[in-house]
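final.txt (compact mmCIF, C-alpha atoms) appears below.
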# COMPACT_ATOMS: atom_id res chain seq x y z
CA MET T 1 6.21 13.80 63.63
CA GLY T 2 7.11 13.60 67.26
CA PHE T 3 7.44 15.36 70.59
CA GLY T 4 8.83 14.76 74.05
CA ILE T 5 12.36 14.11 75.27
CA GLN T 6 14.98 11.44 74.61
CA THR T 7 13.70 9.12 77.36
CA ALA T 8 9.97 9.85 77.02
CA GLY T 9 8.86 10.58 73.47
CA ILE T 10 5.96 10.09 71.08
CA VAL T 11 6.21 9.48 67.32
CA ALA T 12 3.03 9.51 65.25
CA GLY T 13 2.06 9.23 61.60
CA GLY T 14 4.51 9.24 58.74
CA HIS T 15 5.06 7.32 55.53
CA LYS T 16 6.00 3.64 55.32
CA THR T 17 7.53 2.34 52.09
CA GLY T 18 5.21 -0.16 50.45
CA THR T 19 2.32 0.78 52.74
CA GLY T 20 1.87 4.51 52.22
CA ASP T 21 0.87 7.11 54.79
CA VAL T 22 0.14 5.74 58.26
CA ASP T 23 -1.73 6.80 61.42
CA SER T 24 0.36 4.76 63.90
CA THR T 25 1.56 6.09 67.27
CA TYR T 26 4.60 4.84 69.20
CA SER T 27 6.23 5.78 72.50
CA TYR T 28 9.91 5.53 73.34
CA ASP T 29 11.18 5.16 76.94
CA GLY T 30 14.87 5.57 76.21
CA SER T 31 15.47 1.90 75.40
CA SER T 32 12.43 0.40 73.66
CA TRP T 33 9.38 1.26 71.54
CA SER T 34 5.72 0.52 72.37
CA THR T 35 2.70 0.70 70.06
CA LEU T 36 -0.05 3.06 71.24
CA ASN T 37 -3.48 4.09 69.97
CA ALA T 38 -3.56 5.35 66.36
CA ILE T 39 -4.15 8.98 65.39
CA GLY T 40 -7.38 8.19 63.54
CA GLU T 41 -6.29 9.80 60.26
CA VAL T 42 -3.15 9.37 58.20
CA LYS T 43 -0.61 12.15 58.58
CA ARG T 44 2.87 12.82 57.31
CA GLY T 45 5.02 15.90 56.98
CA THR T 46 3.40 17.48 60.02
CA GLY T 47 5.30 20.07 61.97
CA SER T 48 8.54 19.31 60.13
CA THR T 49 8.31 15.84 61.60
CA CYS T 50 7.75 17.31 65.06
CA GLY T 51 4.90 18.46 67.23
CA CYS T 52 4.51 20.20 70.55
CA GLY T 53 4.39 18.65 73.97
CA THR T 54 5.42 15.85 76.27
CA GLN T 55 4.75 12.12 76.36
CA SER T 56 1.58 12.74 78.37
CA ALA T 57 0.17 15.78 76.52
CA GLY T 58 0.95 16.95 72.99
CA ILE T 59 -0.41 18.16 69.67
CA ILE T 60 0.29 17.78 65.98
CA ALA T 61 -1.20 20.09 63.36
CA GLY T 62 -1.24 20.39 59.60
CA GLY T 63 0.62 17.85 57.53
CA ASP T 64 -0.27 16.15 54.32
CA SER T 65 -1.61 12.86 53.12
CA GLY T 66 -0.27 12.20 49.66
CA ASP T 67 -1.77 14.88 47.47
CA ALA T 68 -3.67 17.01 50.00
CA ASN T 69 -2.62 19.26 52.90
CA ARG T 70 -4.58 19.10 56.11
CA ASP T 71 -5.63 21.78 58.56
CA HIS T 72 -6.52 19.35 61.35
CA THR T 73 -5.04 19.52 64.85
CA LYS T 74 -4.84 16.34 66.91
CA GLU T 75 -4.38 16.48 70.68
CA TRP T 76 -2.69 13.65 72.64
CA ASP T 77 -3.66 13.04 76.29
CA GLY T 78 -1.11 10.32 77.01
CA THR T 79 -3.45 7.56 75.83
CA ASN T 80 -5.69 8.76 73.01
CA TRP T 81 -5.89 11.33 70.22
CA SER T 82 -8.81 13.76 69.91
CA ALA T 83 -9.68 16.60 67.55
CA GLY T 84 -8.38 20.07 68.39
CA GLY T 85 -9.05 23.40 66.70
CA ASP T 86 -8.25 23.42 62.98
CA LEU T 87 -5.48 25.60 61.55
CA PRO T 88 -6.79 28.63 59.61
CA ASP T 89 -5.47 27.05 56.41
CA MET T 90 -4.22 23.70 55.14
CA ARG T 91 -0.46 23.25 55.25
CA GLY T 92 2.32 20.70 55.52
CA GLY T 93 5.94 20.99 56.63
CA ASN T 94 5.16 23.68 59.20
CA HIS T 95 7.50 24.20 62.18
CA MET T 96 6.08 23.82 65.71
CA GLU T 97 7.39 24.72 69.17
CA GLY T 98 5.83 24.79 72.62
CA LEU T 99 3.27 22.85 74.63
CA PRO T 100 -0.35 21.94 73.86
CA THR T 101 -1.66 25.02 75.69
CA ALA T 102 0.90 27.48 74.28
CA CYS T 103 2.19 26.49 70.86
CA TYR T 104 3.54 28.35 67.84
CA THR T 105 3.66 27.13 64.24
CA ALA T 106 5.03 28.90 61.18
CA GLY T 107 6.04 28.35 57.61
CA GLY T 108 5.30 25.27 55.60
CA TYR T 109 3.88 24.64 52.18
CA ILE T 110 0.51 24.55 50.48
CA TYR T 111 0.04 21.89 47.80
CA ASP T 112 -3.02 22.20 45.53
CA GLY T 113 -2.49 18.93 43.66
CA SER T 114 -0.10 20.35 41.09
CA THR T 115 1.80 23.30 42.59
CA THR T 116 3.73 23.66 45.86
CA THR T 117 3.74 27.14 47.38
CA TYR T 118 5.97 27.86 50.39
CA ASP T 119 4.97 30.50 52.94
CA LYS T 120 5.93 32.06 56.26
CA LYS T 121 2.59 32.50 58.03
CA GLY T 122 2.67 32.18 61.81
CA TYR T 123 -0.10 30.96 64.12
CA ASP T 124 -0.50 30.64 67.91
CA TYR T 125 -2.44 27.83 69.66
CA ASP T 126 -3.96 28.40 73.10
CA GLY T 127 -5.10 24.84 73.80
CA SER T 128 -8.34 25.07 71.84
CA SER T 129 -7.96 27.32 68.80
CA TRP T 130 -5.40 28.88 66.46
CA SER T 131 -5.06 32.63 65.95
CA THR T 132 -2.87 34.72 63.67
CA GLY T 133 0.63 35.03 65.10
CA THR T 134 3.84 36.64 63.89
CA ASP T 135 5.10 35.37 60.55
CA CYS T 136 8.50 33.71 60.23
CA ASN T 137 11.01 36.18 58.76
CA ASN T 138 11.55 34.01 55.68
CA VAL T 139 9.74 31.33 53.72
CA ARG T 140 10.68 27.76 54.75
CA SER T 141 9.29 24.27 55.35
CA ASN T 142 10.37 20.82 56.54
CA GLY T 143 13.30 21.90 58.67
CA ILE T 144 13.72 21.14 62.35
CA SER T 145 12.43 23.15 65.28
CA PHE T 146 12.50 22.94 69.05
CA GLY T 147 11.93 25.04 72.12
CA THR T 148 9.10 26.64 73.99
CA TYR T 149 6.44 29.11 72.93
CA SER T 150 8.57 31.99 74.20
CA ALA T 151 12.06 30.82 73.15
CA GLY T 152 12.83 28.52 70.25
CA VAL T 153 14.94 27.65 67.23
CA THR T 154 13.99 26.76 63.67
CA ALA T 155 16.80 25.44 61.50
CA ALA T 156 17.35 24.43 57.89
CA GLY T 157 14.51 23.41 55.56
CA TYR T 158 13.33 23.98 52.01
CA ALA T 159 12.03 26.98 50.07
CA THR T 160 11.31 27.82 46.45
CA SER T 161 15.03 28.58 45.99
CA GLY T 162 16.10 25.16 47.37
CA LEU T 163 17.70 24.11 50.64
CA ILE T 164 17.98 26.58 53.53
CA TYR T 165 20.94 26.29 55.90
CA THR T 166 20.21 29.14 58.33
CA CYS T 167 18.87 29.07 61.89
CA LEU T 168 16.19 31.40 63.24
CA PHE T 169 16.11 32.23 66.94
CA TYR T 170 13.03 33.75 68.49
CA THR T 171 12.14 35.09 71.89
CA SER T 172 9.05 36.64 73.38
CA PRO T 173 8.74 38.10 76.87
CA SER T 174 5.27 36.61 77.31
CA PRO T 175 2.98 34.22 75.40
CA ARG T 176 0.36 36.99 75.54
CA ASP T 177 2.66 39.68 74.11
CA ARG T 178 1.92 39.70 70.39
CA THR T 179 3.30 43.21 69.84
CA ARG T 180 6.92 42.04 69.78
CA SER T 181 8.57 40.08 67.01
CA ARG T 182 8.96 36.35 67.55
CA MET T 183 11.60 35.99 64.83
CA PRO T 184 13.95 38.95 65.33
CA SER T 185 17.18 37.56 63.97
CA SER T 186 18.81 34.90 61.87
CA ALA T 187 22.32 33.51 62.03

Structure translated into structure tokens:
Amino acid sequence: MGFGIQTAGIVAGGHKTGTGDVDSTYSYDGSSWSTLNAIGEVKRGTGSTCGCGTQSAGIIAGGDSGDANRDHTKEWDGTNWSAGGDLPDMRGGNHMEGLPTACYTAGGYIYDGSTTTYDKKGYDYDGSSWSTGTDCNNVRSNGISFGTYSAGVTAAGYATSGLIYTCLFYTSPSPRDRTRSRMPSSA
């Protein structure tokens, strides 16, 4: 999972062949990688391999560690990770867009040890806790997403029926306006 821009990014967690799930954190300055402080818990599959934020402030939420989903949120302050508010349920492969104080996540999968269930639930993060947001307009996980809380794109992914090749565009006039749809169209 990662967040930031091409010349100032953070990558954290993941899965390393032969080692298993990892809690490592790395920064990229546009030309080289540096090792930073670890997350403190192993994570992979979080936020469709993305998170929300910049190199100096970001979050990751959900994810899985082998056979169990996680509901934990981890907040990055540019140096260290700390615990944030937990998601209302455990999930992996969820899509995330925004910043640490105004973030949206939707979709993903729930794995109970034997069965994978995909969903489209949406949640909003205000910098300390998650609340119910607008659901994605279709079930999907592990695609790619980018943008801000009020304007973003989610593309591709997986669902019960297999691969998804569509893009979803969402807009919202205000982060506080929960009466309007965040996922009005697909193309």

Computed interatomic separation between atom CA of T:Asp64 and atom CA of T:Trp81 (Å):
17.5 Å

Rounded to one decimal place, report the atom CA of T:Val139-atom CA of T:Gly2 distance in Å.
22.5 Å

What does the structure give for the distance between atom CA of T:Ile5 and atom CA of T:Ile144, in Å to one decimal?
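Those two atoms sit 14.8 Å apart.
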
Show which residues sit within 10 Å of T:Leu87, as a PyMOL selection string. Count all atoms listed in the file, and ignore same-chain residues fewer than 2 positions away.
chain T and resi 61-62+70-73+84-85+89-91+105+123-125+129-132

Taking (1.5, 37.1, 57.0) in the coordinates of the supplied file, I want to know which residues reach to within 12 Å of it, counting all atoms listed in the file; could you give the answer as a list in words?
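Those residues, ordered by chain and then number, are Ala106, Gly107, Asp119, Lys120, Lys121, Gly122, Tyr123, Ser131, Thr132, Gly133, Thr134, Asp135, Cys136, Asn137, Asn138 and Val139 of chain T.
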
Using the selection just defined, write its residues with C-alpha atoms as a CSV table (one decimal), in the coordinates of the input.
chain,number,residue,atom,x,y,z
T,106,ALA,CA,5.0,28.9,61.2
T,107,GLY,CA,6.0,28.4,57.6
T,119,ASP,CA,5.0,30.5,52.9
T,120,LYS,CA,5.9,32.1,56.3
T,121,LYS,CA,2.6,32.5,58.0
T,122,GLY,CA,2.7,32.2,61.8
T,123,TYR,CA,-0.1,31.0,64.1
T,131,SER,CA,-5.1,32.6,66.0
T,132,THR,CA,-2.9,34.7,63.7
T,133,GLY,CA,0.6,35.0,65.1
T,134,THR,CA,3.8,36.6,63.9
T,135,ASP,CA,5.1,35.4,60.6
T,136,CYS,CA,8.5,33.7,60.2
T,137,ASN,CA,11.0,36.2,58.8
T,138,ASN,CA,11.6,34.0,55.7
T,139,VAL,CA,9.7,31.3,53.7

Give the answer as one residue: which of T:Tyr170, T:Tyr118, T:Tyr111, T:Phe146 has the shortest atom-to-atom distance to T:Phe3, using only C-alpha atoms?
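Checking each of T:Tyr170, T:Tyr118, T:Tyr111, T:Phe146 against T:Phe3, counting only C-alpha atoms, the winner is T:Phe146.
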
Name the residues in contact with T:Ile164 at a cut-off of 12 Å, using all atoms listed in the file, excluding same-chain residues fewer than 2 positions from it; report them as a ChimeraX atom specification.
/T:138-144,154-162,166-168,186-187

Please provide the set of residues having any atom within 7 Å of T:Ile39, restricted to only C-alpha atoms, with same-chain residues fewer than 2 positions apart removed, written as a PDB file with C-alpha atoms, in the frame of the given file.
ATOM      1  CA  ASP T  23      -1.730   6.800  61.420  1.00  0.00           C
ATOM      2  CA  SER T  24       0.360   4.760  63.900  1.00  0.00           C
ATOM      3  CA  THR T  25       1.560   6.090  67.270  1.00  0.00           C
ATOM      4  CA  ASN T  37      -3.480   4.090  69.970  1.00  0.00           C
ATOM      5  CA  GLU T  41      -6.290   9.800  60.260  1.00  0.00           C
ATOM      6  CA  TRP T  81      -5.890  11.330  70.220  1.00  0.00           C
TER       7      TRP T  81
END
